[in-house]
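Structure file model15.cif with mmCIF, C-alpha atoms:
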```
data_run
#
loop_
_atom_site.label_atom_id
_atom_site.label_comp_id
_atom_site.auth_asym_id
_atom_site.auth_seq_id
_atom_site.Cartn_x
_atom_site.Cartn_y
_atom_site.Cartn_z
CA MET V 1 -4.10 5.22 -22.01
CA ILE V 2 -6.30 3.89 -19.23
CA ALA V 3 -7.90 5.84 -16.39
CA VAL V 4 -6.29 6.01 -12.96
CA SER V 5 -7.25 3.05 -10.82
CA ARG V 6 -7.25 2.88 -7.04
CA LEU V 7 -4.08 0.82 -7.35
CA ASP V 8 -2.45 3.62 -9.36
CA SER V 9 -3.54 6.26 -6.83
CA PHE V 10 -2.33 4.23 -3.89
CA ILE V 11 1.10 3.70 -5.45
CA ARG V 12 1.36 7.41 -6.22
CA ARG V 13 0.46 8.29 -2.65
CA LEU V 14 3.11 5.95 -1.21
CA GLU V 15 5.74 7.17 -3.65
CA ALA V 16 4.90 10.78 -2.75
CA GLN V 17 5.09 9.94 0.95
CA ARG V 18 8.50 8.32 0.55
CA ALA V 19 9.85 11.13 -1.65
CA CYS V 20 8.75 13.74 0.91
CA LEU V 21 10.29 11.85 3.83
CA ASN V 22 13.55 11.41 1.92
CA LEU V 23 13.63 15.10 0.99
CA ALA V 24 12.82 16.10 4.58
CA ALA V 25 15.65 13.89 5.84
CA ASN V 26 18.05 15.87 3.66
CA LEU V 27 16.56 19.15 4.85
CA VAL V 28 17.18 18.35 8.53
CA HIS V 29 20.52 16.67 7.97
CA GLU V 30 22.37 19.53 9.69
CA LEU V 31 19.68 20.21 12.28
CA ASP V 32 19.95 18.54 15.69
CA GLY V 33 16.79 17.10 17.17
CA GLU V 34 14.58 14.06 17.39
CA ILE V 35 11.93 12.60 15.09
CA LEU V 36 8.19 12.39 15.73
CA GLU V 37 5.86 9.99 13.89
CA LEU V 38 2.24 11.08 14.23
CA GLY V 39 0.18 8.03 13.33
CA LEU V 40 1.98 4.69 13.36
CA GLY V 41 -0.50 2.53 11.45
CA ASN V 42 1.17 -0.66 10.32
CA GLY V 43 4.59 0.89 10.96
CA ARG V 44 5.86 1.12 7.36
CA THR V 45 6.85 4.77 7.51
CA TYR V 46 8.17 4.31 11.05
CA ASP V 47 10.47 1.65 9.62
CA HIS V 48 11.46 4.04 6.83
CA LEU V 49 12.26 6.74 9.40
CA ARG V 50 14.40 4.25 11.32
CA GLU V 51 16.40 3.64 8.14
CA LEU V 52 16.70 7.37 7.45
CA PHE V 53 17.62 8.27 11.04
CA PRO V 54 19.47 5.34 12.61
CA ASP V 55 21.06 7.63 15.22
CA ARG V 56 18.06 9.66 16.32
CA LYS V 57 15.28 8.85 18.72
CA ILE V 58 11.89 8.42 17.02
CA TYR V 59 8.89 9.24 19.18
CA VAL V 60 5.51 7.93 18.09
CA CYS V 61 1.95 9.07 18.76
CA GLU V 62 -0.74 6.53 17.94
CA ARG V 63 -4.31 6.01 19.02
CA ARG V 64 -4.21 2.23 19.16
CA LEU V 65 -1.30 -0.10 18.39
CA ALA V 66 -1.85 -2.14 15.22
CA ALA V 67 1.65 -2.21 13.76
CA HIS V 68 3.62 -5.13 12.42
CA PRO V 69 5.48 -6.72 15.38
CA ASP V 70 8.85 -5.61 13.90
CA CYS V 71 7.64 -2.00 13.84
CA VAL V 72 6.42 -1.50 17.40
CA PRO V 73 8.37 1.34 19.03
CA PRO V 74 9.95 0.94 22.47
CA ALA V 75 7.28 1.65 25.11
CA GLU V 76 9.21 4.66 26.43
CA ASP V 77 9.04 6.37 23.00
CA LEU V 78 5.33 5.78 22.50
CA PHE V 79 2.47 8.17 23.33
CA LEU V 80 -0.65 6.03 23.15
CA GLY V 81 -4.11 7.59 22.86
CA ASP V 82 -5.96 10.31 20.99
CA MET V 83 -3.36 12.71 19.58
CA ARG V 84 -5.39 15.68 20.78
CA ASP V 85 -4.49 14.45 24.30
CA THR V 86 -1.10 12.84 23.82
CA LEU V 87 0.37 15.84 22.01
CA ARG V 88 -0.45 17.87 25.12
CA THR V 89 1.29 15.25 27.28
CA ALA V 90 4.26 15.35 24.91
CA ARG V 91 4.54 19.12 25.19
CA GLU V 92 6.62 19.16 28.34
CA PRO V 93 9.27 16.55 27.40
CA LEU V 94 9.45 17.40 23.67
CA ALA V 95 8.89 21.15 23.36
CA GLY V 96 11.33 22.50 20.76
CA GLN V 97 13.08 19.11 20.45
CA ILE V 98 11.72 17.77 17.15
CA ALA V 99 13.72 18.23 13.94
CA LEU V 100 11.25 16.31 11.78
CA ALA V 101 7.63 15.36 12.38
CA HIS V 102 5.47 13.28 10.04
CA LEU V 103 1.69 13.44 10.19
CA ASP V 104 -0.26 10.66 8.48
CA PRO V 105 -3.64 10.34 10.17
CA GLY V 106 -4.30 7.25 8.05
CA THR V 107 -8.05 7.56 8.39
CA GLY V 108 -8.50 6.72 4.72
CA ASP V 109 -10.94 9.63 4.69
CA LEU V 110 -9.60 12.93 3.39
CA ALA V 111 -12.18 15.09 5.17
CA ALA V 112 -11.58 13.35 8.52
CA SER V 113 -7.80 13.66 8.05
CA ARG V 114 -8.09 17.38 7.36
CA ALA V 115 -10.33 17.93 10.39
CA LEU V 116 -7.87 16.08 12.63
CA ALA V 117 -4.94 18.00 11.14
CA LEU V 118 -6.74 21.26 11.88
CA ASP V 119 -7.02 20.26 15.54
CA LEU V 120 -3.42 19.05 15.75
CA THR V 121 -1.42 21.75 13.96
CA SER V 122 -1.23 24.09 16.95
CA LEU V 123 -0.19 21.16 19.15
CA ILE V 124 2.58 20.01 16.79
CA VAL V 125 4.19 23.39 16.11
CA PRO V 126 5.47 23.94 19.70
CA LEU V 127 7.33 20.62 19.55
CA LEU V 128 9.38 21.59 16.48
CA ARG V 129 12.86 23.03 16.66
CA CYS V 130 13.34 26.32 14.90
CA GLY V 131 13.91 25.33 11.25
CA GLY V 132 12.30 21.96 11.89
CA VAL V 133 10.32 20.25 9.15
CA LEU V 134 6.79 18.86 9.22
CA VAL V 135 5.76 16.36 6.52
CA SER V 136 2.00 15.93 6.35
CA GLU V 137 -0.47 14.12 4.18
CA PRO V 138 -3.24 16.63 4.87
CA THR V 139 -2.64 20.21 3.86
CA LEU V 140 -2.02 22.42 6.92
CA ALA V 141 -2.62 26.11 7.52
CA SER V 142 -0.50 27.96 10.09
CA ASP V 143 1.30 31.29 9.88
CA GLN V 144 4.22 29.60 11.64
CA LEU V 145 4.64 27.02 8.90
CA SER V 146 6.01 27.84 5.50
CA PRO V 147 5.14 25.38 2.69
CA LEU V 148 8.19 23.99 0.88
CA GLU V 149 8.39 22.91 -2.73
CA PRO V 150 7.44 19.21 -2.99
CA PRO V 151 9.94 16.79 -4.57
CA ASP V 152 9.90 16.20 -8.32
CA ASN V 153 6.99 14.05 -9.45
CA VAL V 154 4.92 14.85 -6.37
CA ALA V 155 1.81 16.80 -7.34
CA PRO V 156 1.08 19.86 -5.16
CA GLU V 157 -1.06 18.97 -2.12
CA ARG V 158 -0.75 15.21 -2.68
CA TYR V 159 1.74 15.20 0.19
CA ASN V 160 3.04 18.31 1.92
CA ILE V 161 6.23 19.64 3.49
CA TYR V 162 6.45 22.65 5.80
CA ARG V 163 9.22 24.34 7.73
CA LEU V 164 8.77 26.12 11.03
CA VAL V 165 9.56 29.75 10.27
CA SER V 166 8.52 31.54 13.43
CA ARG V 167 7.05 30.84 16.80
CA SER V 168 4.14 32.98 17.89
CA MET I 1 22.57 4.43 0.34
CA ILE I 2 20.11 3.34 2.99
CA ALA I 3 18.75 -0.14 3.62
CA VAL I 4 15.39 -1.23 2.24
CA SER I 5 12.55 -0.26 4.58
CA ARG I 6 9.15 -1.88 4.79
CA LEU I 7 7.83 1.15 2.94
CA ASP I 8 10.32 0.51 0.11
CA SER I 9 9.40 -3.19 -0.04
CA PHE I 10 5.69 -2.46 -0.06
CA ILE I 11 6.01 0.05 -2.91
CA ARG I 12 8.10 -2.44 -4.88
CA ARG I 13 5.50 -5.15 -4.36
CA LEU I 14 2.65 -2.92 -5.56
CA GLU I 15 4.64 -1.70 -8.56
CA ALA I 16 5.47 -5.32 -9.45
CA GLN I 17 1.82 -6.29 -9.08
CA ARG I 18 0.69 -3.49 -11.37
CA ALA I 19 3.42 -4.15 -13.93
CA CYS I 20 2.47 -7.84 -14.07
CA LEU I 21 -1.25 -7.10 -14.45
CA ASN I 22 -0.54 -4.58 -17.21
CA LEU I 23 1.72 -7.03 -19.03
CA ALA I 24 -0.85 -9.81 -18.63
CA ALA I 25 -3.55 -7.53 -20.07
CA ASN I 26 -1.42 -7.14 -23.18
CA LEU I 27 -0.81 -10.88 -23.34
CA VAL I 28 -4.53 -11.72 -23.37
CA HIS I 29 -5.51 -8.81 -25.58
CA GLU I 30 -6.35 -11.15 -28.47
CA LEU I 31 -7.72 -13.96 -26.32
CA ASP I 32 -11.46 -14.10 -25.65
CA GLY I 33 -12.56 -14.91 -22.13
CA GLU I 34 -13.42 -13.47 -18.75
CA ILE I 35 -11.32 -12.27 -15.82
CA LEU I 36 -11.04 -13.89 -12.38
CA GLU I 37 -9.80 -12.04 -9.28
CA LEU I 38 -8.77 -14.50 -6.57
CA GLY I 39 -8.69 -12.48 -3.36
CA LEU I 40 -10.46 -9.14 -3.41
CA GLY I 41 -9.03 -7.53 -0.26
CA ASN I 42 -9.69 -3.79 -0.34
CA GLY I 43 -10.47 -3.98 -4.05
CA ARG I 44 -7.53 -1.97 -5.42
CA THR I 45 -6.45 -4.57 -7.98
CA TYR I 46 -10.09 -5.32 -8.80
CA ASP I 47 -10.46 -1.64 -9.66
CA HIS I 48 -7.29 -1.83 -11.75
CA LEU I 49 -8.68 -4.86 -13.61
CA ARG I 50 -11.90 -2.95 -14.28
CA GLU I 51 -9.82 -0.19 -15.89
CA LEU I 52 -7.81 -2.71 -17.91
CA PHE I 53 -10.86 -4.73 -19.00
CA PRO I 54 -13.87 -2.41 -19.23
CA ASP I 55 -15.64 -4.81 -21.59
CA ARG I 56 -15.09 -8.12 -19.83
CA LYS I 57 -16.84 -9.68 -16.89
CA ILE I 58 -14.66 -9.90 -13.78
CA TYR I 59 -15.52 -12.73 -11.40
CA VAL I 60 -14.24 -12.51 -7.85
CA CYS I 61 -13.51 -15.13 -5.20
CA GLU I 62 -13.12 -13.80 -1.67
CA ARG I 63 -13.40 -15.30 1.76
CA ARG I 64 -15.05 -12.33 3.41
CA LEU I 65 -16.01 -8.96 1.90
CA ALA I 66 -13.87 -6.10 3.23
CA ALA I 67 -13.48 -3.98 0.10
CA HIS I 68 -13.94 -0.27 -0.34
CA PRO I 69 -17.64 0.35 -1.17
CA ASP I 70 -16.70 1.50 -4.70
CA CYS I 71 -14.94 -1.83 -5.31
CA VAL I 72 -17.59 -4.36 -4.32
CA PRO I 73 -18.40 -6.60 -7.30
CA PRO I 74 -21.98 -7.26 -8.38
CA ALA I 75 -23.37 -10.10 -6.25
CA GLU I 76 -23.81 -12.34 -9.29
CA ASP I 77 -20.07 -12.17 -10.07
CA LEU I 78 -18.94 -12.93 -6.52
CA PHE I 79 -18.03 -16.34 -5.08
CA LEU I 80 -17.94 -15.78 -1.33
CA GLY I 81 -16.22 -18.26 1.01
CA ASP I 82 -13.04 -20.28 1.32
CA MET I 83 -11.49 -20.48 -2.15
CA ARG I 84 -10.87 -24.20 -1.67
CA ASP I 85 -14.67 -24.51 -1.76
CA THR I 86 -15.74 -21.67 -4.05
CA LEU I 87 -13.31 -22.64 -6.82
CA ARG I 88 -15.05 -26.03 -6.89
CA THR I 89 -18.41 -24.26 -7.15
CA ALA I 90 -17.02 -22.07 -9.92
CA ARG I 91 -15.84 -25.08 -11.90
CA GLU I 92 -19.12 -25.74 -13.63
CA PRO I 93 -19.97 -22.20 -14.81
CA LEU I 94 -16.39 -21.07 -15.48
CA ALA I 95 -14.48 -24.12 -16.75
CA GLY I 96 -12.26 -23.01 -19.64
CA GLN I 97 -13.76 -19.49 -19.64
CA ILE I 98 -11.04 -17.42 -17.95
CA ALA I 99 -8.51 -15.51 -20.04
CA LEU I 100 -6.75 -13.95 -17.05
CA ALA I 101 -6.76 -14.90 -13.39
CA HIS I 102 -4.99 -13.02 -10.61
CA LEU I 103 -4.13 -14.71 -7.33
CA ASP I 104 -3.24 -12.48 -4.39
CA PRO I 105 -4.04 -14.34 -1.18
CA GLY I 106 -3.20 -11.17 0.77
CA THR I 107 -2.49 -13.06 3.95
CA GLY I 108 0.54 -10.86 4.62
CA ASP I 109 2.32 -14.12 5.42
CA LEU I 110 4.45 -15.60 2.66
CA ALA I 111 4.38 -19.16 4.00
CA ALA I 112 0.58 -19.10 4.39
CA SER I 113 0.18 -17.64 0.88
CA ARG I 114 2.33 -20.38 -0.61
CA ALA I 115 0.43 -23.11 1.24
CA LEU I 116 -2.89 -21.72 0.00
CA ALA I 117 -1.53 -21.37 -3.54
CA LEU I 118 -0.45 -25.02 -3.42
CA ASP I 119 -4.02 -26.04 -2.56
CA LEU I 120 -5.56 -23.75 -5.18
CA THR I 121 -3.40 -24.28 -8.27
CA SER I 122 -5.15 -27.45 -9.41
CA LEU I 123 -8.53 -25.74 -8.89
CA ILE I 124 -7.59 -22.65 -10.90
CA VAL I 125 -6.03 -24.40 -13.92
CA PRO I 126 -9.31 -25.98 -15.18
CA LEU I 127 -10.95 -22.54 -15.29
CA LEU I 128 -8.36 -21.08 -17.67
CA ARG I 129 -8.79 -20.93 -21.40
CA CYS I 130 -6.06 -22.52 -23.41
CA GLY I 131 -3.35 -19.83 -23.60
CA GLY I 132 -4.86 -18.06 -20.60
CA VAL I 133 -2.64 -16.23 -18.16
CA LEU I 134 -2.37 -16.54 -14.39
CA VAL I 135 -0.73 -13.72 -12.43
CA SER I 136 0.18 -14.77 -8.92
CA GLU I 137 1.98 -13.29 -5.97
CA PRO I 138 3.04 -16.70 -4.64
CA THR I 139 5.22 -18.84 -6.88
CA LEU I 140 3.25 -21.77 -8.33
CA ALA I 141 4.31 -25.20 -9.48
CA SER I 142 2.27 -27.03 -12.10
CA ASP I 143 3.32 -28.87 -15.25
CA GLN I 144 0.37 -27.20 -16.98
CA LEU I 145 1.67 -23.71 -16.26
CA SER I 146 4.68 -22.23 -18.00
CA PRO I 147 6.38 -19.33 -16.19
CA LEU I 148 6.68 -16.20 -18.33
CA GLU I 149 9.40 -13.58 -18.14
CA PRO I 150 8.39 -10.89 -15.61
CA PRO I 151 8.21 -7.24 -16.77
CA ASP I 152 11.30 -5.05 -16.61
CA ASN I 153 12.17 -3.98 -13.08
CA VAL I 154 10.27 -6.85 -11.49
CA ALA I 155 12.66 -9.17 -9.69
CA PRO I 156 12.12 -12.90 -10.37
CA GLU I 157 9.64 -14.45 -7.93
CA ARG I 158 8.54 -11.09 -6.47
CA TYR I 159 5.41 -11.42 -8.58
CA ASN I 160 4.78 -14.19 -11.09
CA ILE I 161 3.14 -14.71 -14.48
CA TYR I 162 2.23 -18.09 -15.96
CA ARG I 163 0.53 -19.24 -19.13
CA LEU I 164 -1.59 -22.38 -19.43
CA VAL I 165 0.33 -24.61 -21.82
CA SER I 166 -1.48 -27.88 -21.60
CA ARG I 167 -4.37 -29.51 -19.85
CA SER I 168 -3.77 -32.85 -18.21
#
```

Step by step, read the file and then write its structure as structure tokens.
Amino acid sequence: MIAVSRLDSFIRRLEAQRACLNLAANLVHELDGEILELGLGNGRTYDHLRELFPDRKIYVCERRLAAHPDCVPPAEDLFLGDMRDTLRTAREPLAGQIALAHLDPGTGDLAASRALALDLTSLIVPLLRCGGVLVSEPTLASDQLSPLEPPDNVAPERYNIYRLVSRS
Amino acid sequence: MIAVSRLDSFIRRLEAQRACLNLAANLVHELDGEILELGLGNGRTYDHLRELFPDRKIYVCERRLAAHPDCVPPAEDLFLGDMRDTLRTAREPLAGQIALAHLDPGTGDLAASRALALDLTSLIVPLLRCGGVLVSEPTLASDQLSPLEPPDNVAPERYNIYRLVSRS
């Protein structure tokens, strides 16, 4: 038995991310609404969302485009800039329209991700449909979000799933 | 059944990489010699090699340091620069000393990785001990290297394992 390497941890994180997105896709199967990717990065999870939701529009918020050329969203679906600003811009067109949002700040720094998530939670919630699901790497705290059981093999708080339960 | 996303492919690649390194560690268990990491990148596989081989020296060739601070090798074990040059420099101290080498050019471009591997193969082979193992993302061609069966669940040519069978 060897210790857990960074390679092991990274694989576990990606597997948890995929398992949560797949579970969330099942959870919103019957719920109308669009998809929102918060943090595009290299576009791997955006591509996964495209496979999961071939018939839904996927909006993307990203600070600065650095995705693989195959994973660049259409310009009209992209909100480019600091998410603290772009989520305010997105409020008017997207309020109550999002069935599934995925937040992966991708800072590589857990403390920075949590701080950003703290700023963003109250900006994301108004975009969700009632019953909508929010998948998030950082743990979130909001009385409007109810934590859901993670998929099998995903340790608690490694990757998180919430459902919008009420709107203040 | 959904198509394979870039997230799926990436997870498969990392799982194949880890499975091949773990298998290779078993294969060289009884063989004296040091370890050589060809391409450090962010240092995830270097960290995995440290866990697999806590008692062996791990030399690293890398063009330009960009690893996580926890995964930067000691300066005396690092050959910094183009591997076409540094593998020539490494020839004198390391000839016939390496039990396991791992080549991951990490270019993100399969054609570029294969071209680099083609240039490097004849520079890596002289560093291997007789019976030494070379794990490589790109497929290699050398009459001194015999391809080994990949681990279960690793598709042929996704990640490759070779053993030095003769020295020209």

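The residues of chain V lying at most 8 Å from chain I, with all atoms listed in the file taken into account, are V:Ile2, V:Ala3, V:Val4, V:Ser5, V:Arg6, V:Leu7, V:Asp8, V:Ile11, V:Leu14, V:Glu15, V:Arg18, V:Arg44, V:Thr45, V:Asp47, V:His48, V:Glu51, V:Leu52.
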
Result set, the PyMOL selection byres ((chain V and resi 77) around 7) on current file, as a PyMOL selection string
chain V and resi 58-60+73-76+78-79

Go ahead and save the residues from that selection, with C-alpha atoms, as a tab-separated table (two decimals), keeping the file's coordinate frame.
```tsv
chain	number	residue	atom	x	y	z
V	58	ILE	CA	11.89	8.42	17.02
V	59	TYR	CA	8.89	9.24	19.18
V	60	VAL	CA	5.51	7.93	18.09
V	73	PRO	CA	8.37	1.34	19.03
V	74	PRO	CA	9.95	0.94	22.47
V	75	ALA	CA	7.28	1.65	25.11
V	76	GLU	CA	9.21	4.66	26.43
V	78	LEU	CA	5.33	5.78	22.50
V	79	PHE	CA	2.47	8.17	23.33
```

In Å to one decimal, how far is atom CA of V:Asp55 from atom CA of V:Ala95?
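The value is 19.9 Å.
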
May I have the centre and edge lengths, in Å to one decimal, of an axis-aligned box around the listed atoms of stretch 44-54 of chain I with 4 Å added to every side, as AutoDock Vina command-line options?
```
--center_x -10.2 --center_y -2.8 --center_z -12.3 --size_x 15.4 --size_y 13.1 --size_z 21.8
```

Expressed in Å to a single decimal, how great is the separation between atom CA of V:Asp104 and atom CA of I:Val154?
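Those two atoms sit 28.6 Å apart.
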
Would you compute the distance between atom CA of I:Leu80 and atom CA of I:Ile35? Give it in Å to one decimal.
16.3 Å

Using only C-alpha atoms, determine which residues lie at most 9 Å from V:Arg64, disregarding the query and same-chain residues fewer than 3 positions distant; provide the list as number ranges by chain.
V: 40-41, 80-82

Just the selected residues (C-alpha atoms), exported as a compact mmCIF listing (two decimals), in the coordinates of the input, please.
```
# COMPACT_ATOMS: atom_id res chain seq x y z
CA LEU V 40 1.98 4.69 13.36
CA GLY V 41 -0.50 2.53 11.45
CA LEU V 80 -0.65 6.03 23.15
CA GLY V 81 -4.11 7.59 22.86
CA ASP V 82 -5.96 10.31 20.99
```

Please write the residues picked by the PyMOL selection byres ((chain I and resi 117-132) around 9) on this file as a ChimeraX atom specification.
/I:27-28,31-33,83-84,87-88,90-92,94-101,103,105,112-116,133-134,136,138-142,144-145,162-167

Using the chain letters and numbers from the file, give me the residues hit by the PyMOL selection byres ((chain I and resi 147) around 6), as a list in words.
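Selection result, ordered by chain and number: Ser146, Leu148, Ile161 and Tyr162 of chain I.
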
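In this comparison, which uses all atoms listed in the file, the residue of V:Val72, V:Leu23, V:Leu36, V:Gly108 approaching V:Lys57 most closely is V:Leu36.
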